[in-house]
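Source file: coords.txt; contents: compact mmCIF, C-alpha atoms and all ligand atoms.
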# COMPACT_ATOMS: atom_id res chain seq x y z
CA MET A 248 81.77 75.79 118.40
CA LYS A 249 78.32 76.37 119.91
CA ASN A 250 78.01 77.53 123.49
CA TYR A 251 76.90 74.48 125.41
CA ARG A 252 77.84 75.71 128.86
CA ASN A 253 74.99 77.89 130.06
CA PRO A 254 71.28 78.11 129.25
CA ASP A 255 69.58 81.03 127.52
CA GLU A 256 67.70 83.64 129.54
CA ASN A 257 64.65 81.39 129.78
CA GLY A 258 66.71 78.52 131.07
CA TYR A 259 66.91 76.48 127.87
CA TYR A 260 69.79 74.37 126.65
CA GLY A 261 68.66 73.87 123.06
CA GLU A 262 65.13 72.53 123.41
CA PHE A 263 65.62 71.33 127.00
CA GLY A 264 65.14 73.11 130.31
CA GLY A 265 62.76 75.90 131.24
CA ALA A 266 60.73 76.22 134.42
CA PHE A 267 57.50 74.24 134.66
CA VAL A 268 56.23 74.82 138.18
CA PRO A 269 52.85 75.39 139.83
CA GLU A 270 51.77 79.03 139.71
CA MET A 271 52.14 79.28 143.50
CA LEU A 272 55.88 78.86 143.07
CA TYR A 273 56.38 81.54 140.43
CA PRO A 274 57.45 84.19 142.97
CA ASN A 275 60.15 81.93 144.48
CA VAL A 276 61.48 80.68 141.21
CA GLU A 277 61.44 84.15 139.65
CA GLU A 278 63.26 85.61 142.64
CA LEU A 279 65.98 83.01 142.20
CA GLN A 280 66.14 83.54 138.44
CA GLU A 281 66.56 87.26 138.89
CA LYS A 282 69.12 87.17 141.68
CA TYR A 283 71.26 84.05 141.48
CA ILE A 284 73.98 85.26 139.10
CA ASP A 285 74.35 88.62 140.83
CA ILE A 286 74.61 87.06 144.29
CA ILE A 287 77.00 84.23 143.49
CA SER A 288 79.26 86.48 141.39
CA THR A 289 80.08 88.97 144.13
CA PRO A 290 83.67 88.81 145.45
CA GLU A 291 82.26 88.47 148.95
CA PHE A 292 80.20 85.38 148.08
CA GLN A 293 83.04 83.85 146.11
CA LYS A 294 85.50 84.36 148.97
CA GLU A 295 83.18 82.74 151.49
CA PHE A 296 82.44 79.83 149.14
CA ARG A 297 86.08 79.31 148.15
CA ASP A 298 87.30 79.44 151.76
CA LEU A 299 84.78 76.77 152.75
CA LEU A 300 85.71 74.57 149.79
CA LYS A 301 89.36 74.83 150.77
CA ASP A 302 89.33 74.47 154.54
CA TYR A 303 86.05 72.67 155.25
CA VAL A 304 85.65 70.39 152.23
CA GLY A 305 89.37 69.87 151.69
CA ARG A 306 89.69 71.16 148.13
CA ALA A 307 91.48 71.13 145.78
CA THR A 308 90.89 67.38 145.51
CA PRO A 309 93.87 65.56 143.97
CA LEU A 310 94.11 64.73 140.29
CA TYR A 311 95.77 61.35 140.63
CA PHE A 312 97.69 59.64 137.84
CA ALA A 313 96.53 56.02 138.18
CA LYS A 314 99.65 54.21 137.05
CA ASN A 315 98.41 50.65 137.49
CA LEU A 316 95.07 51.30 135.84
CA SER A 317 96.87 53.11 132.99
CA GLU A 318 99.14 50.12 132.43
CA LYS A 319 96.22 47.73 132.36
CA TYR A 320 94.24 49.75 129.80
CA GLN A 321 97.28 51.03 127.86
CA THR A 322 96.35 54.70 128.10
CA GLN A 323 97.01 57.66 130.46
CA ILE A 324 94.36 57.66 133.18
CA TYR A 325 93.89 60.40 135.76
CA LEU A 326 91.32 60.16 138.55
CA LYS A 327 89.68 63.31 139.89
CA ARG A 328 89.36 62.41 143.54
CA GLU A 329 85.95 63.81 144.59
CA ASP A 330 85.78 60.82 146.93
CA LEU A 331 88.21 62.67 149.20
CA ASN A 332 85.81 65.55 149.86
CA HIS A 333 84.33 65.97 153.34
CA THR A 334 81.24 63.68 153.45
CA GLY A 335 82.73 61.53 150.72
CA ALA A 336 81.38 62.86 147.42
CA HIS A 337 80.94 65.90 145.20
CA LYS A 338 77.47 66.76 146.53
CA ILE A 339 78.86 68.92 149.34
CA ASN A 340 80.12 71.50 146.78
CA ASN A 341 76.55 72.27 145.76
CA ALA A 342 75.03 72.01 149.24
CA LEU A 343 77.43 74.61 150.65
CA GLY A 344 76.95 76.93 147.68
CA GLN A 345 73.17 76.80 147.99
CA VAL A 346 73.13 77.27 151.75
CA LEU A 347 75.28 80.37 151.32
CA LEU A 348 72.90 81.59 148.62
CA ALA A 349 69.90 80.93 150.89
CA LYS A 350 71.49 83.05 153.61
CA LYS A 351 72.02 85.93 151.17
CA LEU A 352 68.36 85.63 150.17
CA GLY A 353 67.42 85.97 153.84
CA LYS A 354 65.95 82.47 154.10
CA LYS A 355 65.90 80.85 157.53
CA ARG A 356 64.75 77.39 156.61
CA ILE A 357 66.16 74.82 154.18
CA ILE A 358 64.26 71.93 152.62
CA ALA A 359 65.60 69.16 150.44
CA GLU A 360 64.53 65.82 149.08
CA THR A 361 66.73 62.77 148.99
CA GLY A 362 66.61 59.27 147.55
CA ALA A 363 69.55 57.37 148.92
CA GLY A 364 70.26 60.03 151.49
CA GLN A 365 73.52 61.34 150.01
CA HIS A 366 72.12 64.75 149.11
CA GLY A 367 70.23 64.83 152.40
CA VAL A 368 73.45 64.25 154.33
CA ALA A 369 75.32 66.92 152.35
CA THR A 370 72.50 69.42 152.94
CA ALA A 371 72.19 68.56 156.64
CA THR A 372 75.96 69.02 156.96
CA ALA A 373 75.91 72.46 155.37
CA CYS A 374 72.93 73.48 157.53
CA ALA A 375 74.63 72.29 160.72
CA LEU A 376 77.67 74.36 159.83
CA MET A 377 75.64 77.47 159.11
CA ASN A 378 73.02 77.04 161.78
CA LEU A 379 69.95 76.80 159.55
CA GLU A 380 66.85 74.71 160.11
CA CYS A 381 66.93 71.69 157.79
CA ILE A 382 64.01 69.51 156.71
CA VAL A 383 64.65 66.53 154.45
CA TYR A 384 61.84 64.70 152.66
CA MET A 385 62.51 61.06 151.96
CA GLY A 386 60.34 58.21 150.70
CA GLU A 387 59.27 55.81 153.42
CA VAL A 388 60.74 52.90 151.46
CA ASP A 389 64.06 54.73 151.10
CA ILE A 390 64.13 55.55 154.82
CA ALA A 391 63.98 51.84 155.55
CA ARG A 392 66.65 51.04 152.91
CA GLN A 393 69.11 53.76 153.89
CA ALA A 394 69.20 53.65 157.67
CA PRO A 395 72.83 54.83 158.12
CA ASN A 396 72.24 58.02 156.12
CA VAL A 397 68.97 58.68 157.98
CA GLY A 398 70.96 58.35 161.22
CA ARG A 399 73.59 60.79 159.96
CA MET A 400 70.98 63.38 158.99
CA LYS A 401 69.31 63.15 162.40
CA MET A 402 72.64 63.44 164.19
CA LEU A 403 73.38 66.53 162.10
CA GLY A 404 70.16 68.06 163.40
CA ALA A 405 67.92 67.64 160.36
CA THR A 406 64.28 66.62 160.54
CA VAL A 407 63.60 63.69 158.20
CA ILE A 408 59.99 63.56 157.04
CA PRO A 409 58.76 60.37 155.35
CA ALA A 410 56.89 60.63 152.05
CA THR A 411 54.12 58.08 152.31
CA SER A 412 52.29 58.48 149.00
CA GLY A 413 52.75 56.65 145.69
CA SER A 414 55.77 54.36 145.51
CA LYS A 415 57.15 56.04 148.68
CA THR A 416 60.46 56.79 146.93
CA LEU A 417 62.32 59.77 145.48
CA LYS A 418 59.60 61.18 143.21
CA ASP A 419 57.13 61.20 146.09
CA ALA A 420 59.69 62.98 148.27
CA VAL A 421 60.04 65.61 145.52
CA ASN A 422 56.27 66.16 145.57
CA GLU A 423 56.27 66.61 149.35
CA ALA A 424 59.18 69.05 149.18
CA LEU A 425 57.41 71.10 146.49
CA ARG A 426 54.27 71.19 148.63
CA ASP A 427 56.30 72.45 151.57
CA TRP A 428 57.93 75.12 149.40
CA ILE A 429 54.54 76.39 148.25
CA ASN A 430 53.35 76.66 151.86
CA ASN A 431 56.51 78.33 153.17
CA ALA A 432 57.55 80.33 150.16
CA THR A 433 58.93 83.42 151.84
CA THR A 434 60.98 81.75 154.58
CA THR A 435 62.32 78.71 152.79
CA HIS A 436 64.93 77.78 150.18
CA TYR A 437 64.66 74.43 148.41
CA ILE A 438 68.06 72.87 147.74
CA ILE A 439 67.95 70.63 144.70
CA GLY A 440 70.78 68.11 144.64
CA SER A 441 71.57 67.73 140.96
CA VAL A 442 71.46 69.66 137.67
CA VAL A 443 67.71 69.09 137.45
CA GLY A 444 64.58 71.03 138.40
CA PRO A 445 63.23 74.33 137.07
CA HIS A 446 65.54 77.06 135.79
CA PRO A 447 67.79 78.33 137.39
CA PHE A 448 68.63 75.17 139.37
CA PRO A 449 70.44 73.27 136.58
CA ASP A 450 72.71 76.25 135.88
CA LEU A 451 73.12 77.12 139.56
CA VAL A 452 74.19 73.59 140.49
CA ALA A 453 76.48 73.31 137.44
CA ARG A 454 78.22 76.56 138.45
CA PHE A 455 78.82 75.30 142.00
CA GLN A 456 80.15 71.96 140.70
CA SER A 457 82.27 73.59 137.99
CA VAL A 458 85.10 73.85 140.50
CA ILE A 459 85.83 70.23 139.51
CA SER A 460 86.88 71.04 135.93
CA GLU A 461 88.42 74.35 136.99
CA GLU A 462 90.82 72.37 139.15
CA ILE A 463 91.42 69.67 136.53
CA LYS A 464 92.67 72.36 134.15
CA TRP A 465 95.43 73.76 136.34
CA GLN A 466 96.27 70.40 137.85
CA LEU A 467 96.75 68.82 134.44
CA ASN A 468 98.80 71.80 133.32
CA GLU A 469 100.99 71.37 136.39
CA LYS A 470 101.46 67.67 135.65
CA ILE A 471 101.81 67.46 131.87
CA GLY A 472 102.05 71.04 130.63
CA ARG A 473 98.63 71.27 129.03
CA GLU A 474 95.21 72.15 130.37
CA ASN A 475 93.02 69.98 128.19
CA PRO A 476 92.79 66.20 128.35
CA ASP A 477 91.68 64.18 125.32
CA TYR A 478 88.73 62.67 127.18
CA VAL A 479 86.73 63.37 130.33
CA ILE A 480 84.45 60.66 131.70
CA ALA A 481 81.79 60.89 134.41
CA CYS A 482 78.74 58.96 135.57
CA VAL A 483 75.32 60.57 135.16
CA GLY A 484 72.35 60.26 137.47
CA GLY A 485 70.80 63.72 137.31
CA GLY A 486 74.18 64.83 136.06
CA SER A 487 75.81 67.16 138.59
CA ASN A 488 79.24 65.56 138.92
CA ALA A 489 79.33 65.17 135.13
CA ALA A 490 78.28 68.81 134.61
CA GLY A 491 81.04 69.92 136.96
CA THR A 492 83.59 67.71 135.20
CA PHE A 493 82.53 68.85 131.72
CA TYR A 494 81.88 72.53 132.49
CA HIS A 495 85.20 74.11 131.49
CA PHE A 496 85.73 71.63 128.64
CA VAL A 497 82.32 71.58 126.99
CA ASN A 498 83.14 74.46 124.64
CA GLU A 499 86.65 73.13 123.88
CA GLU A 500 86.46 71.17 120.67
CA SER A 501 89.57 69.05 121.34
CA VAL A 502 88.13 67.54 124.52
CA LYS A 503 85.80 64.57 124.06
CA LEU A 504 83.09 64.04 126.66
CA ILE A 505 81.84 60.65 127.80
CA ALA A 506 78.90 59.97 130.13
CA ALA A 507 78.11 56.65 131.81
CA GLU A 508 74.48 55.90 132.59
CA ALA A 509 73.15 53.14 134.80
CA GLY A 510 72.04 50.29 132.57
CA GLY A 511 70.81 48.34 135.60
CA CYS A 512 70.07 44.74 134.60
CA GLY A 513 70.32 45.68 130.91
CA LEU A 514 68.49 47.94 128.47
CA ASP A 515 65.84 45.34 127.59
CA SER A 516 65.35 44.03 131.11
CA GLY A 517 62.72 46.49 132.30
CA LYS A 518 65.09 47.23 135.20
CA SER A 519 67.27 50.09 134.04
CA ALA A 520 67.98 53.79 134.55
CA ALA A 521 69.65 54.50 131.20
CA THR A 522 67.59 57.58 130.39
CA THR A 523 69.14 58.64 127.07
CA PHE A 524 68.74 55.11 125.70
CA LEU A 525 65.20 54.52 126.96
CA GLY A 526 63.69 57.97 127.47
CA THR A 527 61.66 60.41 125.40
CA LEU A 528 60.96 64.14 125.53
CA GLY A 529 58.98 64.97 128.64
CA ILE A 530 58.69 67.14 131.72
CA LEU A 531 60.06 65.92 135.02
CA HIS A 532 60.64 67.88 138.24
CA GLY A 533 60.02 71.23 136.60
CA SER A 534 62.05 71.05 133.42
CA LYS A 535 61.73 69.72 129.91
CA SER A 536 64.20 66.96 129.26
CA ILE A 537 64.56 63.28 128.40
CA VAL A 538 62.44 61.15 130.70
CA MET A 539 61.77 57.42 131.08
CA GLN A 540 58.01 57.28 130.68
CA THR A 541 55.19 55.18 129.27
CA ASP A 542 53.38 56.23 126.08
CA ASP A 543 50.81 58.10 128.16
CA GLY A 544 53.45 59.95 130.15
CA GLN A 545 53.62 57.93 133.39
CA VAL A 546 57.15 58.00 134.81
CA ILE A 547 58.71 54.54 134.74
CA GLU A 548 60.25 53.39 138.02
CA PRO A 549 64.00 53.18 137.32
CA HIS A 550 66.47 50.60 138.61
CA SER A 551 70.17 50.77 139.32
CA ILE A 552 72.43 49.00 141.79
CA SER A 553 73.69 52.47 142.72
CA ALA A 554 71.16 54.62 144.52
CA GLY A 555 72.66 57.85 143.16
CA LEU A 556 72.03 56.86 139.53
CA ASP A 557 68.56 55.46 140.17
CA TYR A 558 66.73 58.38 138.53
CA PRO A 559 64.26 58.32 135.60
CA GLY A 560 65.49 61.57 134.01
CA ILE A 561 68.61 63.52 133.14
CA GLY A 562 69.39 67.22 133.49
CA PRO A 563 68.65 69.47 130.48
CA PHE A 564 72.35 70.38 130.09
CA HIS A 565 73.11 66.71 129.36
CA ALA A 566 69.98 66.10 127.29
CA ASN A 567 71.20 68.83 124.96
CA LEU A 568 74.74 67.41 124.80
CA PHE A 569 73.21 64.03 123.99
CA THR A 570 70.98 65.20 121.13
CA GLU A 571 73.77 67.41 119.75
CA LYS A 572 76.10 64.39 119.90
CA ARG A 573 78.59 66.47 121.90
CA THR A 574 78.76 63.74 124.57
CA GLU A 575 79.07 60.03 123.89
CA PHE A 576 76.82 58.00 126.21
CA PHE A 577 77.44 54.47 127.47
CA SER A 578 75.03 52.27 129.36
CA ILE A 579 76.81 50.31 132.09
CA THR A 580 75.10 47.38 133.81
CA ASP A 581 75.08 46.65 137.54
CA ASP A 582 77.48 43.75 137.00
CA GLU A 583 79.89 45.79 134.90
CA ALA A 584 79.98 48.50 137.57
CA LEU A 585 80.64 45.94 140.31
CA LYS A 586 83.49 44.43 138.30
CA SER A 587 85.12 47.82 137.80
CA ALA A 588 84.74 48.70 141.48
CA PHE A 589 86.53 45.51 142.51
CA GLU A 590 89.22 46.11 139.92
CA LEU A 591 90.00 49.66 141.08
CA THR A 592 90.08 48.52 144.69
CA LYS A 593 92.48 45.67 143.89
CA ILE A 594 94.93 47.49 141.66
CA GLU A 595 94.88 51.06 142.97
CA GLY A 596 93.75 50.58 146.58
CA ILE A 597 90.75 52.88 146.17
CA ILE A 598 87.20 51.71 146.96
CA PRO A 599 84.95 53.80 144.71
CA ALA A 600 81.25 54.57 145.10
CA LEU A 601 79.11 52.29 142.94
CA GLU A 602 78.04 55.37 140.97
CA SER A 603 81.65 56.25 140.15
CA ALA A 604 82.33 52.64 139.17
CA HIS A 605 79.99 53.17 136.20
CA ALA A 606 82.39 55.81 134.86
CA LEU A 607 85.35 53.46 135.39
CA ALA A 608 83.57 50.70 133.47
CA VAL A 609 83.80 52.76 130.27
CA LEU A 610 87.44 51.60 130.15
CA GLU A 611 86.15 48.12 129.25
CA LYS A 612 83.88 49.47 126.51
CA LYS A 613 86.04 51.91 124.63
CA LYS A 614 89.60 51.59 123.40
CA PHE A 615 91.81 54.63 124.01
CA ALA A 616 95.16 55.31 122.35
CA LYS A 617 98.36 54.78 124.31
CA ASP A 618 99.06 58.49 124.77
CA ASP A 619 95.46 59.68 125.18
CA VAL A 620 94.98 61.60 128.41
CA VAL A 621 91.77 60.33 130.01
CA VAL A 622 90.35 62.04 133.12
CA ILE A 623 87.72 60.10 135.06
CA CYS A 624 85.65 61.72 137.80
CA LEU A 625 85.67 59.52 140.88
CA SER A 626 82.52 61.14 142.24
CA GLY A 627 82.48 59.42 145.65
CA ARG A 628 83.92 56.85 147.99
CA GLY A 629 82.57 53.34 148.44
CA ASP A 630 82.05 53.05 152.19
CA LYS A 631 78.31 53.52 151.77
CA ASP A 632 78.23 50.59 149.30
CA LEU A 633 80.16 48.13 151.42
CA GLU A 634 77.16 45.90 152.09
CA MET A 635 76.52 45.53 148.35
CA TYR A 636 80.20 44.85 147.72
CA LEU A 637 80.33 42.17 150.42
CA GLN A 638 77.28 40.45 148.93
CA ASN A 639 79.16 40.22 145.65
CA LEU A 640 82.66 39.34 146.82
C1 LIG B 1 74.49 61.36 143.95
C2 LIG B 1 75.72 60.76 143.38
C3 LIG B 1 75.93 60.64 141.99
C4 LIG B 1 74.87 61.00 140.99
O1 LIG B 1 74.44 62.31 140.99
P1 LIG B 1 74.87 63.31 139.83
O2 LIG B 1 74.04 64.51 140.08
O3 LIG B 1 74.59 62.66 138.51
O4 LIG B 1 76.32 63.57 139.99
C5 LIG B 1 77.12 60.14 141.54
N1 LIG B 1 78.09 59.74 142.39
C6 LIG B 1 77.94 59.81 143.73
C7 LIG B 1 79.05 59.35 144.61
C8 LIG B 1 76.75 60.33 144.27
O5 LIG B 1 76.61 60.40 145.61

Would you give me this structure, written as structure tokens?
Amino acid sequence: MKNYRNPDENGYYGEFGGAFVPEMLYPNVEELQEKYIDIISTPEFQKEFRDLLKDYVGRATPLYFAKNLSEKYQTQIYLKREDLNHTGAHKINNALGQVLLAKKLGKKRIIAETGAGQHGVATATACALMNLECIVYMGEVDIARQAPNVGRMKMLGATVIPATSGSKTLKDAVNEALRDWINNATTTHYIIGSVVGPHPFPDLVARFQSVISEEIKWQLNEKIGRENPDYVIACVGGGSNAAGTFYHFVNEESVKLIAAEAGGCGLDSGKSAATTFLGTLGILHGSKSIVMQTDDGQVIEPHSISAGLDYPGIGPFHANLFTEKRTEFFSITDDEALKSAFELTKIEGIIPALESAHALAVLEKKKFAKDDVVVICLSGRGDKDLEMYLQNL
């Protein structure tokens, strides 16, 4: 089997990846490329990171055998409960790892961009804990849409700066953050929230999130006497929870990988975020990958009911798995995700994030055998989506 797990020395997964950044950022990006593996591999770093994951985040998160869901779909379903992490999703794993890394690099100031505010909250949390200055760029439109998360970030001590250009959403916030990084290169670390961006960010974030599949292995072994499930399923926005869920299985031939993308209102509706179905080869946020774009390369504004999946690209790790047919991709519509969220809540008593509900909806699309072991990553909890759920009750 090919090695799908990590990129080559130039940051490529097959033909995807690399580092396409303005020349002014070369020193920062090169510093990271040269140092990240050495720093995060030291026993000292690992101990600090592991201790925080255990006592601050609450890991290991349970691997829960969902008996009622299993009965309904006539297969063996296990839920990886990332929703039980501190701050309610997997993003905190990466935020803590990167803040620790920033400290080792001697950086005093953290910047991040956020769309729905989830990554901003995770970053602000990690910065509050470790007493670092935190600046979060956020589109003006998103600030208005995501007031509770903006409030959380401010309470945590972060400065939220509105991006007022273009569509005033995530991509404009990315541009502002990059501009800041260029101007404050020596003092500042830029925390990217998913397995996207220039090399080494996709690999760095995947390594921090890989704790998810590391735990699944021993937890499954404890429960059923084998480490490998037959299937792992995760939703994909940029792809960080999926990368973490796939990481220790991607080179294991017996484990099948399934990714759920946000189909929005449907693939032909013009309101979708299903990148592998609708995208083409392009460069977005510093790496070569699959991008939703017009023929002349303008990024198409994506749509999904779930803010975390509302992204016009996909990380290079996943783009490679897609073209190599190592991962099977499904496009899940807004309505299908809602239906699955209500179903899980009713029969298991767990309100999932709308993002995670996309992964659950695969159960309606694909038939599994009675004794297949199917692990689904429940990437986050649904409190943040309550308003949307109530509108659709
Ligand atoms: C942000 C988010 C996602 C999507 O991001 P990935 O990088 O694709 O994991 C999925 N689920 C939840 C709960 C999120 O907050």

Contacts of ligand LIG 1 (chain B), 8 Å or closer, all atoms listed in the file, given as a PyMOL selection string: chain A and resi 330+335-338+365-366+440-442+482-490+554-556+600-603+625-629

Nearby residues (all atoms listed in the file) at most 12 Å from range 307-312 of chain A, same-chain spacing under 2 positions excluded, as an MDAnalysis selection string: chainID A and resid 297:305 314:318 322:333 335:337 340 458:471 595 597 620:627

Nearest to Tyr320 in chain A, chosen from A:Phe615, A:Tyr478, A:Tyr283, A:Phe296, with only C-alpha atoms counted in the distances: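 Comparing A:Phe615, A:Tyr478, A:Tyr283, A:Phe296 against Tyr320 in chain A, the winner is A:Phe615.
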
Distance of CA of Glu360 in chain A from CA of Asp419 in chain A, expressed in Å to one decimal place: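 Atom-to-atom, CA of Asp419 in chain A and CA of Glu360 in chain A are spaced 9.2 Å apart.
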
Test item: residues at most 12 Å from Asn431 in chain A, all atoms listed in the file, excluding those fewer than 6 positions along its chain, as a list in words: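 With the cut-off at 12 Å, the set is Met271, Leu272, Pro274, Asn275, Lys354, Lys355, Arg356, Ile357, Ile358, Ala424, Leu425 and Tyr437 of chain A.
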
Pairwise distance for CA of Met400 in chain A and CA of Val368 in chain A, rounded to one decimal in Å: 5.3 Å
